[in-house]
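This is work.txt. It holds compact mmCIF, C-alpha atoms.
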# COMPACT_ATOMS: atom_id res chain seq x y z
CA MET A 1 0.00 0.00 0.00
CA ARG A 2 1.21 3.50 -0.88
CA GLN A 3 0.39 6.28 1.53
CA LEU A 4 1.08 10.01 1.53
CA LEU A 5 1.63 12.05 4.69
CA ILE A 6 1.26 15.80 4.12
CA ILE A 7 2.40 17.94 7.03
CA ASP A 8 0.80 21.35 7.62
CA PRO A 9 0.11 22.45 4.01
CA GLN A 10 -1.68 25.58 5.19
CA ASN A 11 -2.16 29.08 3.87
CA ASP A 12 -0.29 30.72 6.73
CA PHE A 13 2.87 28.81 5.75
CA CYS A 14 2.65 29.70 2.05
CA ASP A 15 4.51 32.60 0.49
CA SER A 16 1.20 34.15 -0.48
CA PRO A 17 -0.38 37.53 0.36
CA GLY A 18 -1.85 37.52 3.84
CA ALA A 19 0.19 34.59 5.19
CA ALA A 20 1.26 34.97 8.82
CA LEU A 21 4.40 32.83 8.68
CA PRO A 22 5.35 32.47 5.01
CA VAL A 23 7.91 29.86 4.01
CA ALA A 24 9.76 30.84 0.84
CA GLY A 25 8.83 28.40 -1.93
CA ALA A 26 5.95 26.77 -0.06
CA ASN A 27 3.22 27.73 -2.51
CA ALA A 28 5.09 26.17 -5.43
CA ASP A 29 5.92 23.14 -3.27
CA LEU A 30 2.26 22.45 -2.69
CA GLN A 31 1.35 23.02 -6.31
CA ARG A 32 3.93 20.37 -7.25
CA LEU A 33 2.47 18.11 -4.58
CA ALA A 34 -1.00 18.53 -6.07
CA GLY A 35 0.38 17.38 -9.41
CA PHE A 36 2.05 14.40 -7.74
CA ILE A 37 -1.26 13.31 -6.20
CA ASN A 38 -2.98 13.66 -9.56
CA GLY A 39 -0.61 11.20 -11.21
CA MET A 40 0.24 8.77 -8.41
CA PRO A 41 -1.92 5.82 -7.35
CA LEU A 42 -2.28 6.32 -3.60
CA GLU A 43 -4.36 4.17 -1.29
CA ALA A 44 -4.44 6.65 1.58
CA ILE A 45 -3.62 10.30 2.28
CA THR A 46 -3.18 11.89 5.72
CA VAL A 47 -3.00 15.66 6.17
CA THR A 48 -1.88 17.23 9.43
CA LEU A 49 -3.08 20.72 10.32
CA ASP A 50 -1.27 23.06 12.68
CA SER A 51 -4.20 24.17 14.86
CA HIS A 52 -3.82 26.82 17.53
CA PRO A 53 -5.73 29.28 19.67
CA SER A 54 -4.78 32.93 19.29
CA VAL A 55 -2.84 32.84 22.56
CA ALA A 56 -0.30 30.08 23.17
CA VAL A 57 3.15 29.77 24.70
CA GLU A 58 4.95 29.68 21.34
CA ARG A 59 3.48 32.91 19.96
CA THR A 60 3.95 36.60 20.52
CA SER A 61 0.49 37.07 22.02
CA PHE A 62 1.53 35.14 25.16
CA TRP A 63 4.60 37.18 26.15
CA ARG A 64 5.56 40.67 27.33
CA THR A 65 8.70 42.53 28.32
CA PRO A 66 9.10 43.80 31.93
CA ASP A 67 7.70 47.21 30.95
CA GLY A 68 4.69 45.65 29.22
CA GLY A 69 6.07 45.90 25.70
CA ASP A 70 5.68 43.43 22.88
CA VAL A 71 8.06 40.52 22.30
CA ALA A 72 9.25 40.36 18.70
CA PRO A 73 8.62 37.32 16.51
CA PHE A 74 11.50 34.82 16.43
CA THR A 75 12.69 35.80 19.91
CA PHE A 76 14.29 32.84 21.69
CA ILE A 77 13.11 32.42 25.29
CA THR A 78 14.82 30.29 27.93
CA ALA A 79 13.99 29.38 31.51
CA TYR A 80 16.69 31.83 32.60
CA ASP A 81 14.87 34.62 30.77
CA VAL A 82 11.61 33.84 32.56
CA GLN A 83 13.21 33.39 35.98
CA ASN A 84 15.01 36.72 35.65
CA GLY A 85 12.10 38.67 34.22
CA VAL A 86 13.60 39.26 30.77
CA TYR A 87 10.40 37.90 29.20
CA LEU A 88 7.22 37.21 31.12
CA PRO A 89 3.88 35.54 30.45
CA LYS A 90 1.15 38.15 30.18
CA ASN A 91 -0.81 35.93 32.57
CA PRO A 92 1.50 35.69 35.62
CA SER A 93 -0.43 32.74 37.04
CA LEU A 94 1.02 30.60 34.23
CA THR A 95 4.68 31.29 35.09
CA GLU A 96 5.33 28.09 37.05
CA ARG A 97 3.67 25.94 34.40
CA VAL A 98 5.75 27.63 31.71
CA LEU A 99 8.94 26.98 33.68
CA ALA A 100 7.97 23.33 34.07
CA MET A 101 7.43 23.11 30.30
CA LEU A 102 10.82 24.74 29.62
CA ALA A 103 12.42 22.24 32.00
CA GLN A 104 10.88 19.44 29.92
CA LEU A 105 12.37 20.95 26.77
CA ALA A 106 15.77 21.22 28.46
CA ALA A 107 15.60 17.55 29.44
CA ARG A 108 15.06 16.78 25.75
CA GLY A 109 18.08 18.83 24.70
CA ARG A 110 16.22 22.05 23.85
CA ALA A 111 17.50 25.21 25.53
CA GLY A 112 14.24 27.09 25.07
CA LEU A 113 11.57 27.99 22.56
CA VAL A 114 11.15 30.32 19.61
CA VAL A 115 8.30 32.82 19.74
CA TRP A 116 6.45 32.75 16.42
CA PRO A 117 3.98 35.17 14.84
CA ILE A 118 0.34 34.30 15.49
CA HIS A 119 -0.46 31.71 12.83
CA CYS A 120 -2.82 28.85 11.93
CA VAL A 121 -5.56 29.93 14.35
CA THR A 122 -8.23 27.27 14.00
CA GLY A 123 -11.06 28.36 11.73
CA THR A 124 -9.22 31.21 10.02
CA TRP A 125 -8.10 31.52 6.38
CA GLY A 126 -4.54 30.85 7.47
CA HIS A 127 -5.56 27.51 8.97
CA ASN A 128 -7.02 26.30 5.67
CA ILE A 129 -5.22 24.02 3.23
CA GLN A 130 -3.51 25.76 0.28
CA PRO A 131 -6.17 26.01 -2.49
CA ASP A 132 -4.46 24.07 -5.30
CA LEU A 133 -3.73 21.20 -2.98
CA MET A 134 -7.21 21.31 -1.45
CA GLN A 135 -8.78 21.07 -4.89
CA GLN A 136 -6.67 18.01 -5.69
CA LEU A 137 -7.46 16.38 -2.35
CA ASN A 138 -11.17 16.88 -3.02
CA GLN A 139 -10.74 15.29 -6.45
CA TRP A 140 -8.84 12.35 -4.94
CA GLU A 141 -11.67 11.76 -2.46
CA CYS A 142 -14.28 11.77 -5.23
CA THR A 143 -12.24 9.49 -7.48
CA GLN A 144 -11.22 7.05 -4.75
CA GLN A 145 -14.51 7.25 -2.83
CA ARG A 146 -12.67 7.49 0.45
CA ALA A 147 -11.79 10.30 2.81
CA VAL A 148 -8.51 12.09 3.33
CA CYS A 149 -7.61 11.72 7.00
CA LYS A 150 -7.12 15.14 8.60
CA VAL A 151 -5.29 15.37 11.92
CA PHE A 152 -5.20 18.51 14.09
CA LYS A 153 -2.11 19.21 16.17
CA GLY A 154 -1.07 22.04 18.47
CA GLU A 155 -4.38 22.76 20.18
CA TYR A 156 -2.96 22.73 23.72
CA PHE A 157 -1.67 26.22 24.48
CA LEU A 158 1.20 25.41 26.88
CA THR A 159 3.53 23.51 24.59
CA GLU A 160 4.97 23.66 21.11
CA HIS A 161 3.81 20.84 18.86
CA PHE A 162 6.12 20.61 15.85
CA GLY A 163 5.92 16.87 15.23
CA VAL A 164 2.51 15.48 14.38
CA PHE A 165 2.84 12.47 16.67
CA GLU A 166 3.72 14.14 19.98
CA ALA A 167 4.00 17.60 21.51
CA ASP A 168 7.45 18.93 22.34
CA ALA A 169 6.55 18.93 26.05
CA PRO A 170 3.87 16.26 26.54
CA ASP A 171 1.47 16.64 29.45
CA ALA A 172 0.10 13.41 30.91
CA ASN A 173 -3.17 15.21 31.67
CA VAL A 174 -3.66 16.40 28.08
CA PRO A 175 -4.17 13.42 25.74
CA SER A 176 -3.64 15.45 22.56
CA THR A 177 -0.03 16.12 23.60
CA LEU A 178 0.87 12.45 24.08
CA PHE A 179 2.31 10.20 21.39
CA ASN A 180 -0.35 9.37 18.81
CA SER A 181 0.34 5.69 18.36
CA THR A 182 -2.99 5.21 16.56
CA LEU A 183 -1.82 7.55 13.80
CA ALA A 184 1.61 5.95 13.63
CA GLN A 185 0.09 2.49 13.29
CA ALA A 186 -2.34 3.68 10.62
CA LEU A 187 0.55 5.09 8.58
CA LEU A 188 2.62 1.93 8.93
CA HIS A 189 0.15 -0.98 8.84
CA GLY A 190 0.33 -2.67 5.46
CA THR A 191 2.28 0.24 3.99
CA THR A 192 4.99 -0.52 1.47
CA THR A 193 5.82 3.12 0.63
CA LEU A 194 5.14 6.25 2.68
CA PHE A 195 5.67 9.53 0.86
CA ILE A 196 6.22 12.57 3.09
CA ALA A 197 5.77 16.23 2.11
CA GLY A 198 4.66 19.54 3.61
CA GLN A 199 5.90 22.50 5.60
CA ALA A 200 8.35 23.25 6.86
CA SER A 201 11.27 20.90 6.25
CA SER A 202 13.24 22.62 9.00
CA HIS A 203 10.58 22.19 11.68
CA CYS A 204 7.35 20.22 11.50
CA VAL A 205 8.42 17.85 8.72
CA ALA A 206 11.72 17.18 10.47
CA ALA A 207 10.12 16.61 13.86
CA SER A 208 7.42 14.34 12.43
CA PHE A 209 9.96 12.27 10.50
CA ASP A 210 12.13 11.84 13.60
CA GLN A 211 9.16 10.86 15.76
CA LEU A 212 7.97 8.25 13.26
CA VAL A 213 11.42 6.72 12.79
CA GLY A 214 11.90 6.70 16.56
CA TYR A 215 8.61 4.85 16.98
CA ILE A 216 9.57 2.27 14.35
CA GLN A 217 12.95 1.67 15.96
CA ALA A 218 11.65 1.58 19.54
CA HIS A 219 9.08 -1.07 18.64
CA SER A 220 11.37 -3.03 16.28
CA LEU A 221 8.91 -2.62 13.42
CA ALA A 222 9.58 -3.21 9.75
CA MET A 223 10.26 0.14 8.13
CA PRO A 224 8.40 0.82 4.89
CA ARG A 225 10.11 2.71 2.11
CA LEU A 226 10.16 6.29 3.35
CA VAL A 227 10.34 8.87 0.58
CA LEU A 228 10.82 12.56 1.34
CA LEU A 229 9.48 14.58 -1.58
CA LYS A 230 12.27 17.13 -1.40
CA ASP A 231 10.76 19.68 -3.79
CA CYS A 232 7.43 19.55 -1.96
CA MET A 233 8.83 21.06 1.23
CA SER A 234 10.97 24.09 2.14
CA PRO A 235 12.72 25.40 5.27
CA VAL A 236 11.84 28.46 7.29
CA THR A 237 14.24 31.24 6.28
CA GLY A 238 17.23 31.21 8.60
CA PHE A 239 16.77 27.56 9.50
CA GLU A 240 18.12 26.01 6.30
CA ALA A 241 20.73 24.02 8.24
CA ASP A 242 17.94 22.19 10.07
CA ALA A 243 16.49 21.04 6.75
CA THR A 244 19.91 19.85 5.62
CA ALA A 245 20.26 17.93 8.87
CA LEU A 246 16.87 16.28 8.24
CA PHE A 247 18.02 14.97 4.87
CA GLU A 248 21.23 13.68 6.43
CA ARG A 249 19.29 11.78 9.11
CA ALA A 250 16.95 10.44 6.45
CA THR A 251 19.87 9.10 4.45
CA ALA A 252 21.29 7.46 7.58
CA VAL A 253 18.12 5.39 8.10
CA GLY A 254 17.74 4.52 4.41
CA ALA A 255 14.98 6.95 3.49
CA GLU A 256 14.96 8.31 -0.05
CA GLN A 257 14.88 11.95 -1.05
CA LEU A 258 13.30 12.41 -4.46
CA THR A 259 11.61 15.19 -6.36
CA ALA A 260 7.92 14.73 -7.08
CA GLN A 261 8.75 13.93 -10.70
CA GLU A 262 11.44 11.41 -9.74
CA ALA A 263 9.10 9.72 -7.28
CA ALA A 264 6.30 9.57 -9.83
CA GLN A 265 8.63 7.89 -12.33
CA ALA A 266 10.07 5.48 -9.76
CA TYR A 267 6.82 4.46 -8.07
CA ALA A 268 4.05 4.94 -10.64
Take the structure in the file and give it back as structure tokens.
Amino acid sequence: MRQLLIIDPQNDFCDSPGAALPVAGANADLQRLAGFINGMPLEAITVTLDSHPSVAVERTSFWRTPDGGDVAPFTFITAYDVQNGVYLPKNPSLTERVLAMLAQLAARGRAGLVVWPIHCVTGTWGHNIQPDLMQQLNQWECTQQRAVCKVFKGEYFLTEHFGVFEADAPDANVPSTLFNSTLAQALLHGTTTLFIAGQASSHCVAASFDQLVGYIQAHSLAMPRLVLLKDCMSPVTGFEADATALFERATAVGAEQLTAQEAAQAYA
């Protein structure tokens, strides 16, 4: 069985007018992906959707400076910053919970978190799937007479949630932050080839890939052919090295990196 996993192909990540967090090249990436779907026999498609409230710990709306000023997008915030009042939650009652979350990140090798522009607020235009891709997904559903599986991630406001399978700082009391083994099993069961595409290669694609490979290895499962559609994803500007590192890790575990055209020729 051939499956396609599309990570966060949303308007707010496209380099289109009105996008909150545009990724250079993303619109063309998703147009190529639409063409790939049109020509490739796929038995299943899963689309993840970055889905947030307006206020959450990884966005500017959550934070303030000591004098009440705004915190700029892409600011990096550490536990030290919070403890010393460099950056503060606008809601002071959340400070201890934020510090606990930052301690979880530190335990996982992350020094802190990046504050992003407000993006992918559930129900807004920016949360919607890029139009060319959405049209093709609708056509696939009508042709195949089956539904595209859509998975929301990031709804809990006190953790980042880059990877689709698990939040960056899982909370045992919030099921949506815990590892989604049901999704992992659905993507792996009976699958011979899993194509992966979406935005951004430096962040959510990379985290999702690592989580899936980690799950496969931890449970000693047979790994399907994993194919990263390298021209159907792009990095956030300034984080290009993280995308390069993703492709290096993919090579190390035997995953392929092909363009949409190369994959269509190899797997049609």
Query raised in the report: Quick one: residues within 7 Å of range 14-30 of chain A, only C-alpha atoms counted, chain neighbours fewer than 4 positions away excluded, as a VMD selection string?
Result: chain A and resid 10 34 117 to 119 126 133 231 to 237
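Comparing the minimum interatomic distances between Val121 in chain A and each of A:Gln261, A:Ser54, A:Thr60, A:Gln83, counting all atoms listed in the file, we find that A:Ser54 sits nearest.
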If we count only C-alpha atoms, what is near Thr78 in chain A at a cut-off of 9 Å, once residues fewer than 5 positions away on the same chain are taken out, given as a compact mmCIF listing (two decimals) with C-alpha atoms, in the coordinates of the input?
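Written output follows (part07.txt):
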# COMPACT_ATOMS: atom_id res chain seq x y z
CA GLN A 83 13.21 33.39 35.98
CA TYR A 87 10.40 37.90 29.20
CA LEU A 99 8.94 26.98 33.68
CA LEU A 102 10.82 24.74 29.62
CA ALA A 111 17.50 25.21 25.53
CA GLY A 112 14.24 27.09 25.07
CA LEU A 113 11.57 27.99 22.56
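CA of Gly85 in chain A to CA of Pro66 in chain A spans 6.4 Å [interatomic distance, one decimal].
CA of Trp125 in chain A is found 24.2 Å from CA of Trp63 in chain A.
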Requested in this report: Compile the contact shell of Phe165 in chain A as a ChimeraX atom specification: residues with an atom at most 10 Å away, counting all atoms listed in the file, same-chain residues fewer than 4 positions apart removed.
Outcome: /A:48,151,153,161,176-184,207-212,215
Restrict the selected residues to C-alpha atoms and save them as a JSON list (two decimals), in the coordinates of the input.
[["chain", "number", "residue", "atom", "x", "y", "z"],
["A", 48, "THR", "CA", -1.88, 17.23, 9.43],
["A", 151, "VAL", "CA", -5.29, 15.37, 11.92],
["A", 153, "LYS", "CA", -2.11, 19.21, 16.17],
["A", 161, "HIS", "CA", 3.81, 20.84, 18.86],
["A", 176, "SER", "CA", -3.64, 15.45, 22.56],
["A", 177, "THR", "CA", -0.03, 16.12, 23.60],
["A", 178, "LEU", "CA", 0.87, 12.45, 24.08],
["A", 179, "PHE", "CA", 2.31, 10.20, 21.39],
["A", 180, "ASN", "CA", -0.35, 9.37, 18.81],
["A", 181, "SER", "CA", 0.34, 5.69, 18.36],
["A", 182, "THR", "CA", -2.99, 5.21, 16.56],
["A", 183, "LEU", "CA", -1.82, 7.55, 13.80],
["A", 184, "ALA", "CA", 1.61, 5.95, 13.63],
["A", 207, "ALA", "CA", 10.12, 16.61, 13.86],
["A", 208, "SER", "CA", 7.42, 14.34, 12.43],
["A", 209, "PHE", "CA", 9.96, 12.27, 10.50],
["A", 210, "ASP", "CA", 12.13, 11.84, 13.60],
["A", 211, "GLN", "CA", 9.16, 10.86, 15.76],
["A", 212, "LEU", "CA", 7.97, 8.25, 13.26],
["A", 215, "TYR", "CA", 8.61, 4.85, 16.98]]
Query raised in the report: Using only C-alpha atoms, can you list as an MDAnalysis selection string the residues within 10 Å of (5.6, 9.2, -10.9)?
Result: chainID A and resid 35:41 259:268
Requested in this report: Quick one: everything within 7 Å of Cys120 in chain A, counting only C-alpha atoms, minus sequence neighbours fewer than 6 positions away in the same chain. Send it as an MDAnalysis selection string.
Outcome: chainID A and resid 12 50:52 126:127
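Among the candidates A:Pro9, A:Ala167, A:Arg225, A:Pro73, the one nearest to Val213 in chain A when counting all atoms listed in the file is A:Arg225.
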